[in-house]
Every structure is written in structure tokens, then in C-alpha cells.
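Structure file structure25.cif; described as mmCIF, C-alpha atoms and all ligand atoms.
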data_target
loop_
_atom_site.label_atom_id
_atom_site.label_comp_id
_atom_site.auth_asym_id
_atom_site.auth_seq_id
_atom_site.Cartn_x
_atom_site.Cartn_y
_atom_site.Cartn_z
CA MET A 101 0.00 0.00 0.00
CA GLU A 102 1.41 3.35 -1.05
CA ARG A 103 1.52 6.01 1.66
CA LEU A 104 0.66 9.53 0.53
CA THR A 105 1.05 13.05 1.90
CA ILE A 106 -1.93 15.31 2.55
CA GLN A 107 -0.82 17.37 -0.46
CA GLN A 108 -0.79 14.33 -2.79
CA ILE A 109 -4.28 13.32 -1.62
CA LEU A 110 -5.77 16.78 -1.97
CA ASP A 111 -4.17 17.22 -5.41
CA ASP A 112 -5.31 13.81 -6.71
CA SER A 113 -7.96 14.54 -9.32
CA ASN A 114 -8.59 10.81 -9.96
CA LEU A 115 -10.30 10.13 -6.64
CA GLU A 116 -13.81 10.62 -8.13
CA VAL A 117 -15.04 11.88 -4.77
CA LYS A 118 -16.10 15.40 -3.69
CA LYS A 119 -13.16 17.42 -2.36
CA ASN A 120 -15.18 18.34 0.71
CA ASP A 121 -15.80 14.66 1.53
CA ILE A 122 -12.09 13.89 1.09
CA GLU A 123 -11.26 16.58 3.61
CA TYR A 124 -13.76 15.19 6.14
CA CYS A 125 -12.31 11.69 5.68
CA LEU A 126 -8.78 12.98 6.17
CA MET A 127 -9.75 14.93 9.28
CA ASP A 128 -11.37 11.80 10.71
CA CYS A 129 -8.41 9.50 9.85
CA LEU A 130 -5.83 11.91 11.27
CA GLY A 131 -7.95 13.13 14.18
CA LYS A 132 -7.08 16.69 13.13
CA ASP A 133 -8.96 19.80 11.97
CA LYS A 134 -9.09 21.61 8.64
CA VAL A 135 -6.34 24.03 9.67
CA PHE A 136 -3.95 21.07 10.10
CA LEU A 137 -4.83 19.79 6.60
CA HIS A 138 -4.02 23.12 5.02
CA THR A 139 -0.94 24.03 7.04
CA ARG A 140 0.76 20.60 7.22
CA LYS A 141 0.40 19.45 3.62
CA LYS A 142 3.72 17.58 3.66
CA TYR A 143 2.48 15.29 6.44
CA LEU A 144 2.85 11.65 5.33
CA LEU A 145 0.00 9.40 6.44
CA THR A 146 0.95 6.41 8.62
CA ILE A 147 0.09 2.93 7.32
CA GLU A 148 -2.98 2.78 9.62
CA GLU A 149 -4.19 6.23 8.56
CA GLN A 150 -3.67 5.44 4.87
CA TYR A 151 -5.50 2.10 5.21
CA LYS A 152 -8.48 3.74 6.95
CA PHE A 153 -8.53 6.58 4.38
CA ASN A 154 -8.48 4.13 1.43
CA ARG A 155 -11.40 2.19 2.91
CA TYR A 156 -13.41 5.40 3.34
CA ILE A 157 -12.73 6.39 -0.29
CA ASP A 158 -13.77 2.93 -1.55
CA LYS A 159 -17.11 3.39 0.23
CA LEU A 160 -17.62 6.93 -1.07
CA LYS A 161 -16.94 5.69 -4.61
CA LYS A 162 -19.92 3.34 -4.16
CA SER A 163 -22.00 6.48 -3.35
CA ILE A 164 -22.43 5.55 0.31
CA PRO A 165 -23.32 8.83 2.07
CA LEU A 166 -20.47 10.46 4.00
CA ALA A 167 -22.37 10.25 7.31
CA TYR A 168 -22.61 6.44 7.04
CA VAL A 169 -18.95 6.20 6.00
CA LEU A 170 -17.78 8.25 9.01
CA GLY A 171 -20.56 6.94 11.27
CA SER A 172 -21.62 10.40 12.41
CA GLN A 173 -23.31 13.63 11.34
CA PRO A 174 -23.44 17.13 12.82
CA PHE A 175 -26.94 18.33 13.77
CA TYR A 176 -27.98 21.48 15.66
CA LYS A 177 -25.08 22.03 18.12
CA TYR A 178 -23.97 18.41 18.42
CA GLN A 179 -22.39 15.46 16.62
CA PHE A 180 -24.67 12.40 16.30
CA ILE A 181 -23.62 8.79 15.76
CA VAL A 182 -25.53 7.25 12.85
CA SER A 183 -25.83 3.66 11.65
CA PRO A 184 -27.46 2.41 8.43
CA GLN A 185 -30.56 1.66 10.57
CA VAL A 186 -31.21 5.38 11.17
CA LEU A 187 -31.96 8.34 8.93
CA ILE A 188 -29.09 10.81 8.51
CA PRO A 189 -30.24 13.93 10.41
CA ARG A 190 -31.16 16.78 8.02
CA SER A 191 -30.34 20.41 8.68
CA GLU A 192 -33.96 21.56 8.08
CA THR A 193 -35.08 19.41 11.02
CA GLU A 194 -33.10 21.82 13.23
CA ILE A 195 -36.00 24.26 12.60
CA LEU A 196 -38.27 21.81 14.42
CA VAL A 197 -35.86 21.72 17.39
CA GLU A 198 -35.85 25.53 17.59
CA GLU A 199 -39.65 25.77 17.35
CA VAL A 200 -40.19 23.12 20.04
CA ILE A 201 -37.71 24.90 22.33
CA LYS A 202 -39.55 28.23 21.85
CA THR A 203 -42.91 26.64 22.69
CA GLY A 204 -41.42 24.58 25.55
CA GLU A 205 -40.05 27.75 27.13
CA ARG A 206 -43.59 29.18 27.30
CA VAL A 207 -44.96 25.94 28.78
CA PHE A 208 -42.12 25.84 31.32
CA ALA A 209 -42.69 29.46 32.35
CA GLU A 210 -46.32 28.59 33.09
CA LYS A 211 -45.95 25.14 34.69
CA GLN A 212 -42.29 24.88 35.81
CA SER A 213 -42.10 21.56 33.98
CA VAL A 214 -42.22 20.29 30.40
CA LYS A 215 -42.59 16.71 29.20
CA ILE A 216 -41.79 16.10 25.53
CA LEU A 217 -42.02 13.02 23.32
CA ASP A 218 -39.79 12.64 20.24
CA LEU A 219 -41.78 10.08 18.28
CA GLY A 220 -39.84 8.02 15.69
CA ALA A 221 -36.60 9.41 17.10
CA GLY A 222 -34.09 7.64 14.78
CA SER A 223 -30.62 8.84 15.86
CA GLY A 224 -32.32 10.87 18.60
CA CYS A 225 -31.22 14.12 16.95
CA ILE A 226 -34.43 16.05 17.77
CA GLY A 227 -35.12 14.85 21.31
CA LEU A 228 -31.51 14.71 22.50
CA SER A 229 -30.76 18.20 21.14
CA ILE A 230 -33.74 19.53 23.11
CA ALA A 231 -32.80 17.57 26.25
CA ALA A 232 -29.16 18.72 26.04
CA GLU A 233 -30.27 22.33 25.64
CA LYS A 234 -32.82 22.22 28.48
CA PRO A 235 -31.60 19.97 31.34
CA GLU A 236 -34.60 20.90 33.50
CA TRP A 237 -37.08 19.52 30.93
CA PHE A 238 -37.89 15.83 30.47
CA VAL A 239 -37.75 14.14 27.06
CA CYS A 240 -38.91 10.66 26.05
CA LEU A 241 -37.53 9.29 22.75
CA SER A 242 -39.17 6.33 21.04
CA ASP A 243 -38.69 4.23 17.95
CA PHE A 244 -39.88 0.80 16.95
CA LYS A 245 -36.68 -1.31 16.74
CA LYS A 246 -34.05 -2.12 19.35
CA GLU A 247 -31.22 -1.58 16.80
CA ILE A 248 -32.47 1.99 16.45
CA THR A 249 -32.90 2.74 20.14
CA ASN A 250 -29.35 1.37 20.68
CA VAL A 251 -28.09 4.24 18.51
CA ILE A 252 -30.12 6.71 20.59
CA HIS A 253 -28.53 5.24 23.76
CA GLN A 254 -25.02 5.74 22.33
CA ASN A 255 -25.84 9.35 21.47
CA LYS A 256 -27.36 9.93 24.91
CA ILE A 257 -24.11 8.76 26.51
CA ASN A 258 -21.90 10.78 24.13
CA LEU A 259 -23.86 13.98 24.80
CA ASN A 260 -24.03 13.21 28.53
CA VAL A 261 -27.78 13.78 28.55
CA LYS A 262 -29.49 12.64 31.78
CA ASN A 263 -33.02 14.07 31.49
CA CYS A 264 -34.43 11.57 29.02
CA THR A 265 -35.76 8.07 28.63
CA ILE A 266 -35.65 5.83 25.53
CA MET A 267 -38.36 3.34 24.58
CA VAL A 268 -39.04 0.73 21.90
CA VAL A 269 -42.68 1.36 20.95
CA ASP A 270 -44.89 1.09 17.86
CA TRP A 271 -45.88 4.77 17.52
CA LEU A 272 -48.08 5.84 20.46
CA THR A 273 -49.44 2.42 21.44
CA ALA A 274 -47.68 2.19 24.83
CA PHE A 275 -48.19 5.68 26.23
CA SER A 276 -50.86 6.40 28.78
CA GLN A 277 -53.39 9.18 28.62
CA ASP A 278 -52.34 12.84 29.12
CA SER A 279 -48.62 12.03 29.18
CA PHE A 280 -46.98 14.86 27.24
CA ASP A 281 -47.01 18.65 26.93
CA ILE A 282 -45.42 18.41 23.49
CA ILE A 283 -45.16 15.61 20.91
CA VAL A 284 -42.66 16.22 18.11
CA THR A 285 -42.33 13.85 15.18
CA ASN A 286 -40.54 13.54 11.87
CA PRO A 287 -42.25 10.36 10.65
CA PRO A 288 -41.77 8.58 7.31
CA TYR A 289 -43.84 10.62 4.84
CA ILE A 290 -42.62 9.80 1.33
CA ASP A 291 -45.02 8.23 -1.15
CA LYS A 292 -43.56 4.86 -2.24
CA SER A 293 -44.05 5.73 -5.90
CA SER A 294 -42.33 9.13 -5.64
CA ASN A 295 -39.68 9.74 -8.28
CA LYS A 296 -38.34 12.83 -6.51
CA ILE A 297 -36.22 10.87 -4.05
CA GLU A 298 -32.42 11.02 -4.57
CA LYS A 299 -30.71 7.79 -5.70
CA ALA A 300 -28.33 7.57 -2.70
CA VAL A 301 -31.20 8.16 -0.25
CA LYS A 302 -33.25 5.40 -1.88
CA LYS A 303 -30.33 2.98 -1.94
CA PHE A 304 -28.70 3.57 1.45
CA GLU A 305 -31.14 5.14 3.91
CA PRO A 306 -33.52 2.74 5.69
CA SER A 307 -36.92 2.36 4.00
CA HIS A 308 -38.65 2.20 7.42
CA ALA A 309 -37.54 5.84 7.92
CA LEU A 310 -38.73 7.07 4.55
CA TYR A 311 -41.94 5.62 3.17
CA ALA A 312 -45.59 5.61 4.16
CA ASP A 313 -48.81 4.55 2.41
CA GLU A 314 -51.72 6.82 1.41
CA CYS A 315 -49.49 9.21 -0.60
CA GLY A 316 -47.08 9.29 2.33
CA LEU A 317 -49.71 10.34 4.88
CA SER A 318 -50.67 7.08 6.63
CA TYR A 319 -48.33 7.46 9.64
CA ILE A 320 -49.00 11.18 10.02
CA LYS A 321 -52.76 10.51 10.13
CA ARG A 322 -52.30 7.69 12.61
CA ILE A 323 -50.13 9.91 14.85
CA ILE A 324 -52.65 12.78 14.69
CA ILE A 325 -55.47 10.49 15.82
CA SER A 326 -53.58 8.80 18.65
CA SER A 327 -51.77 11.92 19.90
CA LYS A 328 -55.12 13.31 21.09
CA LYS A 329 -55.01 10.71 23.87
CA SER A 330 -51.31 11.01 24.76
CA LEU A 331 -51.19 14.82 24.79
CA LYS A 332 -52.22 16.71 27.89
CA ASN A 333 -55.02 19.23 27.49
CA ASN A 334 -53.60 22.28 25.63
CA GLY A 335 -50.62 20.16 24.53
CA TYR A 336 -48.81 20.79 21.24
CA LEU A 337 -48.12 18.50 18.28
CA PHE A 338 -45.25 19.34 15.89
CA ILE A 339 -44.96 17.38 12.63
CA GLU A 340 -42.31 17.46 9.90
CA ASN A 341 -44.02 16.70 6.56
CA GLY A 342 -43.48 16.60 2.80
CA TYR A 343 -43.43 19.81 0.74
CA ASP A 344 -46.89 19.11 -0.77
CA GLN A 345 -48.71 17.67 2.25
CA SER A 346 -49.53 20.74 4.37
CA GLN A 347 -53.05 21.35 3.08
CA GLU A 348 -54.19 17.77 3.54
CA ILE A 349 -52.63 17.64 7.02
CA LYS A 350 -54.38 20.89 7.97
CA ASN A 351 -57.73 19.50 6.79
CA PHE A 352 -57.15 16.30 8.76
CA LEU A 353 -56.21 18.25 11.90
CA VAL A 354 -59.36 20.38 11.64
CA LYS A 355 -61.45 17.20 11.23
CA ASN A 356 -59.83 15.88 14.40
CA ASP A 357 -60.57 19.05 16.40
CA PHE A 358 -57.00 20.35 16.68
CA LYS A 359 -56.73 24.11 17.21
CA ASP A 360 -54.18 26.90 16.53
CA ILE A 361 -52.91 25.15 13.40
CA GLU A 362 -49.81 26.80 11.93
CA VAL A 363 -47.72 25.82 8.91
CA LEU A 364 -44.00 26.54 9.35
CA LEU A 365 -41.51 27.05 6.54
CA ASP A 366 -38.07 25.54 5.92
CA TYR A 367 -34.95 27.50 4.85
CA ASN A 368 -36.28 27.58 1.25
CA ASN A 369 -39.67 28.95 2.34
CA ILE A 370 -41.38 25.63 1.65
CA CYS A 371 -44.23 24.44 3.92
CA ARG A 372 -42.46 21.63 5.75
CA PHE A 373 -43.73 21.65 9.35
CA THR A 374 -47.11 21.76 11.05
CA LYS A 375 -47.73 22.96 14.58
CA CYS A 376 -51.09 22.58 16.32
CA ARG A 377 -52.75 22.29 19.70
CA HIS A 378 -55.00 19.74 21.33
CA ILE A 379 -57.67 21.50 23.40
CA ASP A 380 -60.27 19.34 25.15
CA GLY A 381 -63.96 19.92 24.69
C1 LIG A 401 -37.89 10.25 8.97
S1 LIG A 401 -37.21 9.22 10.22
C2 LIG A 401 -36.87 10.46 11.44
C3 LIG A 401 -35.74 10.12 12.36
C4 LIG A 401 -35.32 11.29 13.26
N1 LIG A 401 -36.41 11.73 14.10
C5 LIG A 401 -34.84 12.46 12.42
O1 LIG A 401 -35.52 13.48 12.36
O2 LIG A 401 -33.75 12.35 11.83
C6 LIG A 401 -38.67 8.40 10.79
C7 LIG A 401 -38.48 7.51 12.00
O3 LIG A 401 -39.75 6.88 12.29
C8 LIG A 401 -39.47 5.57 12.76
N2 LIG A 401 -40.63 4.67 12.66
C9 LIG A 401 -41.08 3.99 11.57
N3 LIG A 401 -42.12 3.21 11.89
C10 LIG A 401 -42.33 3.38 13.22
C11 LIG A 401 -43.27 2.85 14.14
N4 LIG A 401 -44.18 1.93 13.76
N5 LIG A 401 -43.22 3.26 15.43
C12 LIG A 401 -42.29 4.17 15.83
N6 LIG A 401 -41.37 4.72 15.00
C13 LIG A 401 -41.38 4.33 13.71
C14 LIG A 401 -38.31 5.11 11.88
O4 LIG A 401 -37.64 4.02 12.45
C15 LIG A 401 -37.48 6.39 11.79
O5 LIG A 401 -36.49 6.42 12.79
#

Target format C-alpha cells, applied to this file:
Amino acid sequence: MERLTIQQILDDSNLEVKKNDIEYCLMDCLGKDKVFLHTRKKYLLTIEEQYKFNRYIDKLKKSIPLAYVLGSQPFYKYQFIVSPQVLIPRSETEILVEEVIKTGERVFAEKQSVKILDLGAGSGCIGLSIAAEKPEWFVCLSDFKKEITNVIHQNKINLNVKNCTIMVVDWLTAFSQDSFDIIVTNPPYIDKSSNKIEKAVKKFEPSHALYADECGLSYIKRIIISSKKSLKNNGYLFIENGYDQSQEIKNFLVKNDFKDIEVLLDYNNICRFTKCRHIDG
């Protein structure tokens, strides 16, 4: 195996991989930052570093997403471990974290406590970011497979989050009545026949995190119906949804007596989130 310097790697135009991804792989293999890469270009990789780097590049050449190659992804203010069993956290989902925190602050000011459920938590990026930010709040994170909740556990330990619990549950089936002030969910919402989904997403991200029946709305509708029981009176439901689903979700929420329905926009001004309130009677 030929050992290369940082300079030789960065100058190699035959790697067929994005320059940015190469830099992230190098930083990971060397345990160094970007400044090191650009100020120590004559550094010769050790055999172990070169071997690890070559394996990363082989995977990237097969179009495996960088987050799965490195096993982690930045989200909000933290770094999250990811495995092929969990969705790679997306930056637009950070909007949901910020909105839940804003609403939670109002609930906390009124009641001196907040109990939140992150439903379909995947890596735990939403719920653990909130719990890490607000140690006096309590967050429950749930997903439906042990392999997934194991990833949440690892992230909980890495972030040193204490104010949360993690459960293996099929959606809301195991939660008792009036349990939460806020339920936040980014459920699978892509129509199985959609041709808008990127190739690498389709090939490498888990289908249980992506697809739902009824034009992508089956899980969202199920969650809306059952959250009425699990939310406390005046509790909030936050949903991440597809770019063309807001109107149908609004109609369904109205039919199910939810109040204060608001559609929230993503960074491209697309309707991607729905916020609403469950008010008894
Ligand atoms: C779009 S991913 C969101 C993951 C994470 N919350 C995020 O924002 O990156 C949807 C999540 O719903 C979970 N899910 C699918 N079916 C479920 C079920 N029956 N009960 C609970 N969670 C489920 C998937 O495992 C996946 O983690």
C-alpha cells in the first residue's frame, strides 16, 4: 500500500469523490482539523491512517453517504452517531428543534415543567438536542426497533444527557393518557411511488424511515389520531411533513378538532412543518 502526503491526496484529481468529503475523511483519519490539513500538507499518512482513508474512499466511490462512511453527522449544536438503521439527520429538522424549544419555554414558564415526546426518534437528533439544551425539561424518545434505540442510547451517553428516557414502541401504542405537553415527530412521509427521491437516499437510507402509504400520509394521520389521547389538554403537536402535504394535514387536523394550526416554513420557504394544539372539549 502506497503512503501519501496530505498534499498528494488533496491534489489527486482521480479520486472521483467530492473534495469536501475527502477533507472530512482525512480529518477523521488523522484526528485533526481543517487548519492542520491546510498548514501541514507535507504530512505523510501512517500505514494505519492510509488504510483507513483508502477504505473510506472505496465506500464513497460506491456512493455511500459520507455520514454512514464516518458513522456520524453534525446536527444542531452536536455530533450524532448514525448507523445504516437510522436516517441521517437533516439540517432543516433543526428548525423543528428551535420551534419546540420556543414553545417549551412558554410551557415551562407557566408550569415549571415540560414533558416532551420525540416520536420516531431515529438517531435521537431532535429529542436529545432539546434535552441537552434544556436539562430541566424531560424528554422521552421512542422508535420501533431495538437496533435503532441502541443508537439513541449511544448518542445519549456521548452527549451526557441525563433528562431523558428511551423506549421501543410502535408509535403511540404504549403511552398512557395525558402524558406529554409536546409531541414532536418527523415520521416517514414519502409516497412509495415518488420519483423525486435522490438515488443515494433510496439505496442507502432505511426504508422504514422514509416511506408511508396513502401518498405518504398514513403514519402522520395515525399519529394525529392517537396523539389526542397522549397529549395533555392544551398540549402541542409538531410534525415534519413533505413539501406538498400541508393542506391535507391541515384538513385532517381540523377534522380531528385540533386548534391553533400553523404551517411553518423551511430554509427555502417551503411548507415543511405543522404545529397545532390539542384542546379538550
Ligand atoms: C424520517 S425518520 C426520522 C428520524 C429522526 N427523528 C430524524 O428526524 O432524523 C422516521 C423515524 O420513524 C421511525 N418509525 C417507523 N415506523 C415506526 C413505528 N411503527 N413506530 C415508531 N417509529 C417508527 C423510523 O424508524 C425512523 O427512525

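With only C-alpha atoms as the atoms that count, the minimum distance from Tyr289 (chain A) to the choices A:Ser330, A:Ser318, A:Asn258, A:Gln108 is reached by A:Ser318.
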
Test item: residues no farther than 10 Å from ligand LIG 401 (chain A), counting only C-alpha atoms and all ligand atoms, as a count of residues only
59

Counting all atoms listed in the file, which residue out of A:Glu148, A:Glu199, A:Glu210, A:Glu116 sits closest to Lys375 (chain A)?
A:Glu199

To one decimal place in Å, what is the distance between CA of Ile283 (chain A) and CA of Leu217 (chain A)?
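Between CA of Ile283 (chain A) and CA of Leu217 (chain A) the gap works out to 4.7 Å.
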
At a cut-off of 9 Å around the point (-43.9, 24.4, 26.2) (file coordinates), what residues fall inside when counting all atoms listed in the file? I'd like the answer as a list in words.
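Residues lying no farther than 9 Å from the given point: Val200, Ile201, Lys202, Thr203, Gly204, Glu205, Arg206, Val207, Phe208, Ala209, Glu210, Lys211, Ser213, Val214, Lys215, Ile216, Asp281, Ile282, Gly335 and Tyr336 of chain A.
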
Could you please determine the separation between CA of Ala167 (chain A) and CA of Gln254 (chain A) in Å, to one decimal place?
15.9 Å

Measuring between only C-alpha atoms, which one of A:Cys264, A:Asp380, A:Ser326, A:Asp291 shows the shortest distance to Asp313 (chain A)?
A:Asp291

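The list of residues within 9 Å of (-62.5, 17.9, 17.6), counted using only C-alpha atoms, is Leu353, Val354, Lys355, Asn356, Asp357, Phe358, Lys359, His378, Ile379, Asp380 and Gly381 of chain A.
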
Report, in Å to a single decimal, how far apart CA of Pro174 (chain A) and CA of Asn260 (chain A) are.
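Pair CA of Asn260 (chain A) / CA of Pro174 (chain A) returns 16.2 Å.
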
Quick one: of A:Leu259, A:Phe275, A:Phe304, A:Glu102, who's nearest to Lys159 (chain A), counting only C-alpha atoms?
A:Phe304

Test item: residues at most 7 Å from Val169 (chain A), all atoms listed in the file, excluding those fewer than 3 positions along its chain, as a PDB file with C-alpha atoms, keeping the file's coordinate frame:
ATOM      1  CA  TYR A 156     -13.410   5.400   3.340  1.00  0.00           C
ATOM      2  CA  LYS A 159     -17.110   3.390   0.230  1.00  0.00           C
ATOM      3  CA  ILE A 164     -22.430   5.550   0.310  1.00  0.00           C
ATOM      4  CA  PRO A 165     -23.320   8.830   2.070  1.00  0.00           C
ATOM      5  CA  LEU A 166     -20.470  10.460   4.000  1.00  0.00           C
TER       6      LEU A 166
END

With distances taken over all atoms listed in the file, which residue among A:Lys177, A:Lys350, A:Lys329, A:Lys299 lies nearest Thr374 (chain A)?
A:Lys350
